[in-house]
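One file, structure.cif, is given below (mmCIF, C-alpha atoms).
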data_upload
loop_
_atom_site.label_atom_id
_atom_site.label_comp_id
_atom_site.auth_asym_id
_atom_site.auth_seq_id
_atom_site.Cartn_x
_atom_site.Cartn_y
_atom_site.Cartn_z
CA MET N 1 -19.30 16.36 8.51
CA LYS N 2 -19.72 12.59 8.69
CA ALA N 3 -16.76 10.58 9.95
CA ALA N 4 -16.08 6.90 10.65
CA ILE N 5 -14.82 6.82 14.23
CA LEU N 6 -13.24 3.86 16.01
CA LYS N 7 -14.07 4.15 19.70
CA LYS N 8 -13.32 0.63 20.90
CA TYR N 9 -10.97 -2.04 19.57
CA ASN N 10 -12.57 -5.07 17.94
CA SER N 11 -15.78 -3.10 17.48
CA ASP N 12 -17.55 -1.54 14.51
CA PHE N 13 -16.83 1.99 13.37
CA GLU N 14 -19.43 4.54 14.40
CA ILE N 15 -20.63 7.02 11.76
CA GLU N 16 -21.06 10.36 13.49
CA ASP N 17 -21.68 13.99 12.59
CA ILE N 18 -18.81 16.09 13.93
CA ASP N 19 -17.47 19.58 13.27
CA VAL N 20 -15.43 20.14 10.14
CA PRO N 21 -11.82 20.65 11.28
CA ILE N 22 -10.26 24.09 10.86
CA PRO N 23 -6.90 24.42 9.08
CA HIS N 24 -4.37 26.34 11.15
CA LYS N 25 -1.02 27.76 10.10
CA ASP N 26 0.73 25.62 7.45
CA GLU N 27 -2.29 23.31 7.14
CA ILE N 28 -4.81 22.53 4.38
CA LEU N 29 -8.42 21.40 4.64
CA ILE N 30 -9.18 18.66 2.12
CA LYS N 31 -12.67 17.68 1.00
CA VAL N 32 -12.27 13.90 0.80
CA ARG N 33 -13.52 12.37 -2.45
CA ALA N 34 -12.14 8.86 -1.93
CA SER N 35 -10.40 7.00 0.88
CA GLY N 36 -8.75 3.63 0.38
CA LEU N 37 -9.18 0.70 2.76
CA CYS N 38 -6.04 -1.28 3.58
CA GLY N 39 -5.36 -4.44 5.55
CA THR N 40 -3.66 -2.17 8.06
CA ASP N 41 -7.09 -0.73 8.87
CA LEU N 42 -7.96 -4.22 10.13
CA HIS N 43 -4.82 -4.15 12.31
CA ILE N 44 -5.91 -0.76 13.68
CA GLN N 45 -9.42 -2.01 14.40
CA GLU N 46 -7.98 -5.03 16.21
CA GLY N 47 -5.69 -2.89 18.38
CA LYS N 48 -2.47 -4.18 16.83
CA ILE N 49 -0.98 -0.73 16.10
CA PRO N 50 0.18 0.52 19.52
CA THR N 51 0.59 4.18 18.52
CA VAL N 52 -3.12 4.55 17.61
CA LYS N 53 -5.08 6.26 20.38
CA LEU N 54 -8.88 6.06 20.53
CA PRO N 55 -11.28 7.59 19.62
CA PHE N 56 -9.81 7.84 16.16
CA ILE N 57 -10.55 8.34 12.45
CA PRO N 58 -8.30 6.06 10.32
CA GLY N 59 -7.66 6.31 6.59
CA HIS N 60 -4.17 6.65 5.10
CA GLU N 61 -5.01 6.53 1.38
CA THR N 62 -6.78 9.78 0.57
CA ALA N 63 -7.64 11.83 -2.50
CA GLY N 64 -9.79 14.92 -2.67
CA GLU N 65 -10.07 18.61 -3.41
CA ILE N 66 -8.60 21.53 -1.53
CA GLU N 67 -11.38 23.25 0.39
CA GLU N 68 -9.49 25.84 2.44
CA LEU N 69 -5.92 27.02 2.92
CA GLY N 70 -4.52 27.82 6.33
CA GLU N 71 -2.26 30.75 7.06
CA ASN N 72 1.16 30.70 5.38
CA VAL N 73 0.15 28.18 2.67
CA THR N 74 1.13 29.08 -0.90
CA GLY N 75 1.34 27.16 -4.16
CA PHE N 76 -2.15 25.65 -3.86
CA ASN N 77 -5.63 26.82 -4.81
CA LYS N 78 -9.12 25.88 -3.72
CA GLY N 79 -10.38 23.10 -6.00
CA ASP N 80 -6.96 21.58 -6.71
CA HIS N 81 -7.12 17.79 -6.90
CA VAL N 82 -4.64 16.27 -4.46
CA VAL N 83 -3.39 13.10 -2.81
CA ILE N 84 -1.98 12.96 0.70
CA ALA N 85 1.37 11.43 1.64
CA ILE N 86 1.08 9.23 4.72
CA ASP N 87 4.22 10.29 6.60
CA ILE N 88 4.72 13.59 8.41
CA ILE N 89 8.50 13.77 8.80
CA CYS N 90 10.90 15.84 10.89
CA GLY N 91 13.12 16.85 7.94
CA LYS N 92 16.16 16.98 10.23
CA CYS N 93 17.27 13.45 11.12
CA ARG N 94 19.95 11.55 9.18
CA PHE N 95 17.31 9.59 7.28
CA CYS N 96 15.34 12.64 6.18
CA LEU N 97 18.55 14.38 5.12
CA THR N 98 19.68 11.42 2.99
CA GLY N 99 16.44 10.81 1.10
CA ARG N 100 15.25 7.94 3.30
CA GLU N 101 12.55 9.89 5.09
CA ASN N 102 10.32 6.81 5.24
CA LEU N 103 12.66 5.79 8.09
CA CYS N 104 12.39 9.15 9.91
CA ARG N 105 12.99 8.72 13.63
CA ASP N 106 10.32 11.28 14.57
CA LEU N 107 7.53 10.09 12.30
CA THR N 108 3.83 10.85 12.58
CA ARG N 109 1.42 9.25 10.12
CA ILE N 110 -1.88 10.32 8.63
CA GLY N 111 -4.44 7.65 9.53
CA PHE N 112 -2.30 6.25 12.36
CA GLU N 113 -1.15 8.81 14.93
CA ARG N 114 -3.23 11.57 13.35
CA ASN N 115 -6.83 11.44 12.11
CA GLY N 116 -7.11 10.24 8.52
CA GLY N 117 -9.38 10.25 5.52
CA HIS N 118 -12.33 8.04 6.48
CA ALA N 119 -14.43 11.20 6.74
CA GLU N 120 -15.87 13.94 4.56
CA TYR N 121 -13.01 16.34 5.40
CA VAL N 122 -9.50 16.06 6.79
CA VAL N 123 -6.90 18.65 7.81
CA VAL N 124 -3.25 17.86 7.06
CA PRO N 125 0.10 19.72 6.99
CA LYS N 126 0.83 21.38 3.66
CA GLU N 127 4.01 19.36 3.13
CA VAL N 128 2.09 16.07 2.72
CA VAL N 129 -0.26 17.44 0.02
CA HIS N 130 0.57 16.62 -3.62
CA LYS N 131 -1.35 17.89 -6.63
CA ILE N 132 -2.61 15.40 -9.19
CA ASP N 133 -4.06 15.84 -12.65
CA LYS N 134 -7.83 16.26 -12.63
CA GLY N 135 -8.14 13.55 -15.27
CA VAL N 136 -7.22 10.84 -12.74
CA PRO N 137 -10.36 9.38 -11.10
CA PHE N 138 -10.48 10.01 -7.36
CA ASP N 139 -10.78 6.32 -6.45
CA GLN N 140 -7.61 5.52 -8.39
CA ALA N 141 -5.80 8.57 -7.02
CA ALA N 142 -6.64 7.63 -3.42
CA ILE N 143 -4.64 4.40 -3.43
CA ILE N 144 -1.48 5.89 -4.94
CA PRO N 145 0.18 6.90 -1.62
CA ASP N 146 0.14 3.32 -0.32
CA ALA N 147 -0.80 0.59 -2.79
CA VAL N 148 1.11 2.12 -5.71
CA ALA N 149 3.92 4.14 -4.10
CA CYS N 150 4.85 1.43 -1.59
CA MET N 151 5.07 -1.21 -4.28
CA TYR N 152 7.07 1.23 -6.41
CA HIS N 153 9.49 1.73 -3.50
CA ALA N 154 9.77 -2.05 -3.12
CA PHE N 155 10.64 -2.45 -6.79
CA LYS N 156 12.91 0.56 -7.30
CA SER N 157 14.77 0.99 -4.02
CA GLN N 158 14.64 -2.31 -2.16
CA GLY N 159 14.39 -4.88 -4.94
CA LYS N 160 16.33 -2.79 -7.49
CA VAL N 161 14.44 -4.61 -10.23
CA THR N 162 15.95 -4.39 -13.72
CA ALA N 163 14.90 -5.46 -17.19
CA ASN N 164 14.87 -9.20 -17.94
CA GLN N 165 15.00 -10.24 -14.32
CA LYS N 166 12.66 -12.97 -13.15
CA ILE N 167 10.50 -11.85 -10.24
CA CYS N 168 7.66 -13.37 -8.25
CA ILE N 169 4.87 -11.54 -6.46
CA LEU N 170 3.78 -13.85 -3.66
CA GLY N 171 0.19 -12.94 -2.89
CA LEU N 172 -2.11 -10.94 -5.15
CA GLY N 173 -4.32 -8.19 -3.78
CA GLY N 174 -4.25 -4.46 -3.13
CA LEU N 175 -0.50 -4.22 -3.74
CA GLY N 176 0.00 -7.22 -6.01
CA PHE N 177 -2.11 -6.00 -8.93
CA GLN N 178 -0.19 -2.73 -8.95
CA GLY N 179 3.02 -4.79 -8.76
CA ILE N 180 2.29 -6.70 -11.98
CA GLN N 181 1.97 -3.41 -13.84
CA LEU N 182 5.20 -2.13 -12.31
CA ALA N 183 7.04 -5.32 -13.25
CA LYS N 184 5.99 -4.84 -16.86
CA LEU N 185 7.08 -1.21 -16.70
CA PHE N 186 10.49 -2.23 -15.34
CA GLY N 187 10.85 -4.82 -18.12
CA ALA N 188 10.95 -7.81 -15.78
CA GLU N 189 9.47 -11.27 -16.25
CA VAL N 190 6.78 -11.59 -13.59
CA PHE N 191 5.12 -14.59 -11.94
CA CYS N 192 2.25 -14.22 -9.47
CA THR N 193 0.59 -16.43 -6.90
CA SER N 194 -2.73 -16.62 -5.11
CA ARG N 195 -4.90 -19.23 -3.43
CA GLN N 196 -8.04 -17.56 -4.78
CA GLU N 197 -9.15 -18.26 -8.34
CA GLU N 198 -10.92 -14.88 -8.52
CA LYS N 199 -7.61 -13.08 -8.04
CA ILE N 200 -5.94 -15.28 -10.64
CA GLN N 201 -8.63 -14.26 -13.13
CA ILE N 202 -8.18 -10.56 -12.34
CA ALA N 203 -4.40 -10.87 -12.77
CA GLU N 204 -4.83 -12.32 -16.26
CA ARG N 205 -5.86 -8.92 -17.61
CA TYR N 206 -2.34 -7.63 -16.87
CA ASP N 207 -0.70 -10.44 -18.87
CA PRO N 208 1.84 -11.77 -16.33
CA ASP N 209 4.35 -14.36 -17.50
CA GLY N 210 3.04 -16.98 -15.10
CA LEU N 211 0.13 -17.44 -12.71
CA ILE N 212 0.21 -20.03 -9.94
CA ASN N 213 -2.80 -21.07 -7.90
CA THR N 214 -1.00 -22.28 -4.77
CA GLN N 215 -4.11 -24.08 -3.54
CA LYS N 216 -3.84 -26.41 -6.53
CA GLN N 217 -0.22 -26.17 -7.68
CA ASP N 218 3.16 -26.64 -6.01
CA LEU N 219 4.90 -23.25 -5.89
CA PHE N 220 8.48 -24.56 -6.02
CA GLU N 221 7.78 -26.91 -8.93
CA GLU N 222 5.92 -24.27 -10.93
CA ILE N 223 8.59 -21.61 -10.47
CA GLY N 224 11.21 -24.17 -11.45
CA ARG N 225 9.26 -25.01 -14.60
CA LEU N 226 8.63 -21.36 -15.52
CA THR N 227 12.26 -20.30 -14.99
CA LYS N 228 13.90 -23.47 -16.36
CA ASN N 229 15.15 -24.08 -12.82
CA GLU N 230 16.95 -20.72 -12.60
CA MET N 231 14.41 -19.58 -9.94
CA CYS N 232 13.72 -15.90 -9.20
CA ASP N 233 16.01 -12.90 -8.95
CA VAL N 234 13.61 -11.06 -6.62
CA VAL N 235 10.59 -12.31 -4.67
CA PHE N 236 8.09 -9.91 -3.11
CA ASP N 237 6.40 -11.50 -0.11
CA ASN N 238 3.07 -9.67 0.07
CA ILE N 239 1.64 -12.23 2.48
CA GLY N 240 3.79 -11.84 5.59
CA ILE N 241 3.24 -15.09 7.47
CA GLN N 242 5.78 -17.61 8.75
CA SER N 243 5.34 -20.05 5.89
CA SER N 244 5.47 -17.41 3.14
CA ILE N 245 8.95 -16.17 3.98
CA GLN N 246 10.43 -19.67 3.76
CA GLU N 247 8.57 -20.29 0.50
CA SER N 248 10.03 -17.03 -0.80
CA ILE N 249 13.56 -18.11 0.13
CA ASN N 250 13.02 -21.49 -1.53
CA ILE N 251 12.11 -19.99 -4.91
CA THR N 252 14.90 -17.38 -4.86
CA ARG N 253 18.00 -18.07 -6.93
CA PRO N 254 21.50 -17.95 -5.37
CA GLY N 255 22.37 -14.29 -4.85
CA GLY N 256 18.70 -13.31 -5.09
CA LYS N 257 16.54 -11.18 -2.82
CA VAL N 258 13.34 -11.55 -0.85
CA ILE N 259 11.56 -8.26 -0.16
CA VAL N 260 9.34 -8.40 2.93
CA VAL N 261 6.25 -6.35 2.03
CA GLY N 262 3.30 -7.92 3.85
CA TYR N 263 3.15 -8.27 7.62
CA ILE N 264 0.78 -10.44 9.59
CA ASP N 265 2.86 -12.72 11.81
CA PRO N 266 5.20 -10.89 14.24
CA ALA N 267 8.11 -13.29 13.65
CA PHE N 268 9.38 -15.78 11.11
CA ALA N 269 12.06 -18.47 10.83
CA VAL N 270 13.96 -19.55 7.72
CA ASN N 271 16.53 -22.16 6.78
CA TYR N 272 19.69 -20.38 7.90
CA GLN N 273 22.07 -22.37 5.70
CA ASN N 274 19.95 -21.87 2.58
CA VAL N 275 20.36 -18.12 3.05
CA MET N 276 24.03 -18.17 4.05
CA LEU N 277 25.45 -20.70 1.58
CA ASN N 278 23.58 -19.16 -1.37
CA GLU N 279 24.14 -15.51 -0.39
CA LYS N 280 20.43 -14.79 -0.45
CA GLU N 281 19.13 -11.56 1.03
CA ILE N 282 16.02 -10.81 3.09
CA ILE N 283 15.23 -7.10 2.83
CA GLY N 284 12.63 -5.09 4.69
CA MET N 285 10.35 -2.55 3.04
CA ARG N 286 8.50 0.26 4.79
CA GLY N 287 6.25 2.77 3.03
CA SER N 288 7.75 5.07 0.43
CA THR N 289 9.74 8.27 0.15
CA ARG N 290 8.44 11.62 -1.04
CA GLN N 291 10.26 11.09 -4.34
CA ASP N 292 8.65 7.66 -4.74
CA LEU N 293 5.22 9.27 -4.36
CA ILE N 294 6.04 12.03 -6.85
CA GLU N 295 7.18 9.46 -9.40
CA ALA N 296 4.19 7.17 -8.72
CA VAL N 297 1.78 10.09 -9.25
CA SER N 298 3.52 10.91 -12.53
CA LEU N 299 3.24 7.30 -13.74
CA VAL N 300 -0.48 7.32 -13.00
CA GLU N 301 -1.00 10.72 -14.62
CA LYS N 302 0.68 9.39 -17.78
CA ARG N 303 -1.49 6.24 -17.49
CA LYS N 304 1.57 4.02 -17.48
CA ILE N 305 0.10 2.60 -14.27
CA ILE N 306 -3.67 2.41 -13.77
CA PRO N 307 -4.34 1.72 -10.07
CA PHE N 308 -6.63 -1.27 -9.69
CA VAL N 309 -9.67 -0.65 -7.48
CA TYR N 310 -11.77 -3.74 -6.89
CA LYS N 311 -14.83 -2.14 -5.32
CA GLN N 312 -16.31 1.10 -4.03
CA HIS N 313 -18.40 1.45 -0.87
CA SER N 314 -20.11 4.46 0.63
CA LEU N 315 -18.33 5.80 3.72
CA ILE N 316 -21.37 4.93 5.81
CA ASP N 317 -20.95 1.28 4.77
CA ILE N 318 -17.40 1.06 6.13
CA ASN N 319 -18.27 -1.82 8.46
CA ILE N 320 -19.60 -3.88 5.55
CA ALA N 321 -16.39 -3.17 3.63
CA MET N 322 -14.21 -4.08 6.62
CA GLU N 323 -16.02 -7.37 7.08
CA GLU N 324 -15.52 -8.21 3.40
CA MET N 325 -11.79 -7.64 3.85
CA ARG N 326 -11.70 -9.72 7.01
CA LYS N 327 -13.41 -12.64 5.27
CA GLY N 328 -11.15 -12.44 2.21
CA LEU N 329 -13.97 -11.29 -0.06
CA SER N 330 -12.20 -8.18 -1.28
CA PHE N 331 -10.00 -9.16 -4.22
CA GLY N 332 -8.10 -5.86 -4.41
CA ARG N 333 -8.33 -2.38 -2.98
CA THR N 334 -11.72 -1.21 -1.72
CA VAL N 335 -12.29 2.54 -1.74
CA LEU N 336 -14.74 4.46 0.45
CA ILE N 337 -16.66 7.31 -1.16
CA PRO N 338 -18.03 9.97 1.25
#

Represent the structure from my file as structure tokens, please.
Amino acid sequence: MKAAILKKYNSDFEIEDIDVPIPHKDEILIKVRASGLCGTDLHIQEGKIPTVKLPFIPGHETAGEIEELGENVTGFNKGDHVVIAIDIICGKCRFCLTGRENLCRDLTRIGFERNGGHAEYVVVPKEVVHKIDKGVPFDQAAIIPDAVACMYHAFKSQGKVTANQKICILGLGGLGFQGIQLAKLFGAEVFCTSRQEEKIQIAERYDPDGLINTQKQDLFEEIGRLTKNEMCDVVFDNIGIQSSIQESINITRPGGKVIVVGYIDPAFAVNYQNVMLNEKEIIGMRGSTRQDLIEAVSLVEKRKIIPFVYKQHSLIDINIAMEEMRKGLSFGRTVLIP
């Protein structure tokens, strides 16, 4: 099979022919039909994820067909269309036992500590494999485990978004376009920001309640105008830099929440008294739970959410796709097709 292998940090991926992996007990061999590219793949390429050991095949957003079942695997058949959950969990720690398995203390991740889907085949444990209706296109299915399920977790569990709330998605892109659809589904009033006019134009198709080009418009003034100075109940910071977290706090109403979704800078600072005196909350968000993924798959199967894929590239063109992401030329999720 062909696989995109990272052998050296800050270097291109190498496309090589390697043996198709063999599924052992409790494992499934998946024929990859689509593999999503995420900003985290840039972090991996740059050596910023310390648990990644080279040489390595990344790819944590994967959809495909079951090719072969290992020993002791039941409930699946060859040819089933599936998506792959990112987290391999212990199932025994306090977090796993209380439905917060995304915080498992003995976590291993597909596409991080274990080879992922940027290849023609991948072997994974049976417990991370989820069937999906064959009517869902593979490219859309691939980005459900991260771009859709993570944003769903941010809305449902961390933001606890409810109908008629005013929310802001700070930073449009791979997660943000899914977030607009989720906001509409939750019945919230949604405002979105970007510095790129192309992303603003893409967002218009989802009919948000306000679009702010922060290269041309003042974020605080525009949110004040759109909310009649009430500001936002929940802000999702999809950017993750030092300035974005303070901007998020500034446009949050008293008693409101900022959900930290994006991560680029390792640290941030905010106005302490603004948070304390107004009882604002800053809440972390990591991945999604198994139940989040099940519900996200169901929403996509029912076409209540249609995952937005900006572009497809052949697997062998992964370095072109990575460079487009690095230069900010990918205005949404890019999906690799083996």

Requested in this report: Would you mind telling me which residue in N:Gly36, N:Pro125, N:Gly75, N:Pro58 lies nearest to His24 in chain N when using all atoms listed in the file?
Outcome: N:Pro125

Report task. Dump as a ChimeraX atom specification all residues having an atom at most 9 Å from (19.9, -19.6, -3.7), computed in the file's coordinates with only C-alpha atoms. Result -> /N:231,249-256,274-280

**Report entry** Shell of 8 Å around range 26-34 of chain N, only C-alpha atoms, local chain residues under 3 positions omitted, as a PyMOL selection string
**Finding:** chain N and resi 21-23+62-73+117+119-126+138-139+142+335-338

File dump, residues just selected, C-alpha atoms, as a compact mmCIF listing (two decimals), in the coordinates of the input:
# COMPACT_ATOMS: atom_id res chain seq x y z
CA PRO N 21 -11.82 20.65 11.28
CA ILE N 22 -10.26 24.09 10.86
CA PRO N 23 -6.90 24.42 9.08
CA THR N 62 -6.78 9.78 0.57
CA ALA N 63 -7.64 11.83 -2.50
CA GLY N 64 -9.79 14.92 -2.67
CA GLU N 65 -10.07 18.61 -3.41
CA ILE N 66 -8.60 21.53 -1.53
CA GLU N 67 -11.38 23.25 0.39
CA GLU N 68 -9.49 25.84 2.44
CA LEU N 69 -5.92 27.02 2.92
CA GLY N 70 -4.52 27.82 6.33
CA GLU N 71 -2.26 30.75 7.06
CA ASN N 72 1.16 30.70 5.38
CA VAL N 73 0.15 28.18 2.67
CA GLY N 117 -9.38 10.25 5.52
CA ALA N 119 -14.43 11.20 6.74
CA GLU N 120 -15.87 13.94 4.56
CA TYR N 121 -13.01 16.34 5.40
CA VAL N 122 -9.50 16.06 6.79
CA VAL N 123 -6.90 18.65 7.81
CA VAL N 124 -3.25 17.86 7.06
CA PRO N 125 0.10 19.72 6.99
CA LYS N 126 0.83 21.38 3.66
CA PHE N 138 -10.48 10.01 -7.36
CA ASP N 139 -10.78 6.32 -6.45
CA ALA N 142 -6.64 7.63 -3.42
CA VAL N 335 -12.29 2.54 -1.74
CA LEU N 336 -14.74 4.46 0.45
CA ILE N 337 -16.66 7.31 -1.16
CA PRO N 338 -18.03 9.97 1.25

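In this model, the gap between CA of Arg109 in chain N and CA of Ile264 in chain N comes to 19.7 Å.
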
Report task. Convert the output of the PyMOL selection byres ((chain N and resi 136) around 12) on the shown file into explicit residues, formatted as a list in words. Result -> Ala63, Gly64, His81, Val82, Val83, Lys131, Ile132, Asp133, Lys134, Gly135, Pro137, Phe138, Asp139, Gln140, Ala141, Ala142, Ile143, Ile144, Val297, Ser298, Leu299, Val300, Glu301, Lys302, Arg303, Ile305, Ile306 and Pro307 of chain N

Requested in this report: Take the PyMOL selection byres ((chain N and resi 158-162) around 10), apply it to the structure above, and return the hits as a ChimeraX atom specification.
Outcome: /N:151-157,163-167,182-183,185-189,233-236,256-260,283-286

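Here CA of Val190 in chain N and CA of Gln273 in chain N stand 26.9 Å from one another.
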
Query raised in the report: When the PyMOL selection byres ((chain N and resi 293) around 9) is applied to the file above, which residues end up in the set, as a list of chain:residue names?
Result: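 Selected by the PyMOL selection byres ((chain N and resi 293) around 9) here: N:Ala85, N:His130, N:Ile144, N:Pro145, N:Asp146, N:Val148, N:Ala149, N:Cys150, N:Tyr152, N:His153, N:Ser288, N:Thr289, N:Arg290, N:Gln291, N:Asp292, N:Ile294, N:Glu295, N:Ala296, N:Val297, N:Ser298.
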
Would you export the selected residues with C-alpha atoms as a PDB file, keeping the file's coordinate frame, please?
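This is the output file result-v6.pdb:
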ATOM      1  CA  ALA N  85       1.370  11.430   1.640  1.00  0.00           C
ATOM      2  CA  HIS N 130       0.570  16.620  -3.620  1.00  0.00           C
ATOM      3  CA  ILE N 144      -1.480   5.890  -4.940  1.00  0.00           C
ATOM      4  CA  PRO N 145       0.180   6.900  -1.620  1.00  0.00           C
ATOM      5  CA  ASP N 146       0.140   3.320  -0.320  1.00  0.00           C
ATOM      6  CA  VAL N 148       1.110   2.120  -5.710  1.00  0.00           C
ATOM      7  CA  ALA N 149       3.920   4.140  -4.100  1.00  0.00           C
ATOM      8  CA  CYS N 150       4.850   1.430  -1.590  1.00  0.00           C
ATOM      9  CA  TYR N 152       7.070   1.230  -6.410  1.00  0.00           C
ATOM     10  CA  HIS N 153       9.490   1.730  -3.500  1.00  0.00           C
ATOM     11  CA  SER N 288       7.750   5.070   0.430  1.00  0.00           C
ATOM     12  CA  THR N 289       9.740   8.270   0.150  1.00  0.00           C
ATOM     13  CA  ARG N 290       8.440  11.620  -1.040  1.00  0.00           C
ATOM     14  CA  GLN N 291      10.260  11.090  -4.340  1.00  0.00           C
ATOM     15  CA  ASP N 292       8.650   7.660  -4.740  1.00  0.00           C
ATOM     16  CA  ILE N 294       6.040  12.030  -6.850  1.00  0.00           C
ATOM     17  CA  GLU N 295       7.180   9.460  -9.400  1.00  0.00           C
ATOM     18  CA  ALA N 296       4.190   7.170  -8.720  1.00  0.00           C
ATOM     19  CA  VAL N 297       1.780  10.090  -9.250  1.00  0.00           C
ATOM     20  CA  SER N 298       3.520  10.910 -12.530  1.00  0.00           C
TER      21      SER N 298
END

Query - For Glu247 in chain N, the nearest of the candidates N:Asn271, N:Thr51, N:Gln45, N:Thr98, counting only C-alpha atoms - result: N:Asn271

Requested in this report: Identify the residues around (-17.4, -2.4, 8.8) within a radius of 10 Å, measuring from all atoms listed in the file in the coordinates stated by the file, and give them as a list of chain:residue names.
Outcome: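 Checked against the point, the hits come out as N:Ala4, N:Ser11, N:Asp12, N:Phe13, N:Glu14, N:Leu42, N:Gln45, N:Leu315, N:Ile316, N:Asp317, N:Ile318, N:Asn319, N:Ile320, N:Ala321, N:Met322, N:Glu323, N:Glu324, N:Met325, N:Arg326.
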
Requested in this report: Considering all atoms listed in the file, state which residue in the set N:Lys8, N:Lys2, N:Lys53, N:Arg100 is at the smallest distance from Gly287 in chain N.
Outcome: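 Selected residue with least distance to Gly287 in chain N: N:Arg100.
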
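Here CA of Phe76 in chain N and CA of His60 in chain N stand 21.1 Å from one another.
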
So that all listed atoms of range 29-40 of chain N fit with 5 Å spare on each side, what axis-aligned box centre and edge lengths in Å, to one decimal, would you give as JSON?
{"center_x": -8.6, "center_y": 8.5, "center_z": 2.8, "size_x": 19.9, "size_y": 35.8, "size_z": 20.5}

Report task. May I ask which of the residues N:Gln201, N:Ile18, N:Asp41, N:Glu61 is the closest one to Val129 in chain N, counting all atoms listed in the file? Result ->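 Among the listed residues, the smallest separation from Val129 in chain N belongs to N:Glu61.
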
Query - Proximity to Leu219 in chain N - best of N:Asn77, N:Ser248, N:Gln242, N:Thr334, all atoms listed in the file - result: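 With all atoms listed in the file as the atom set, the closest residue is N:Ser248.
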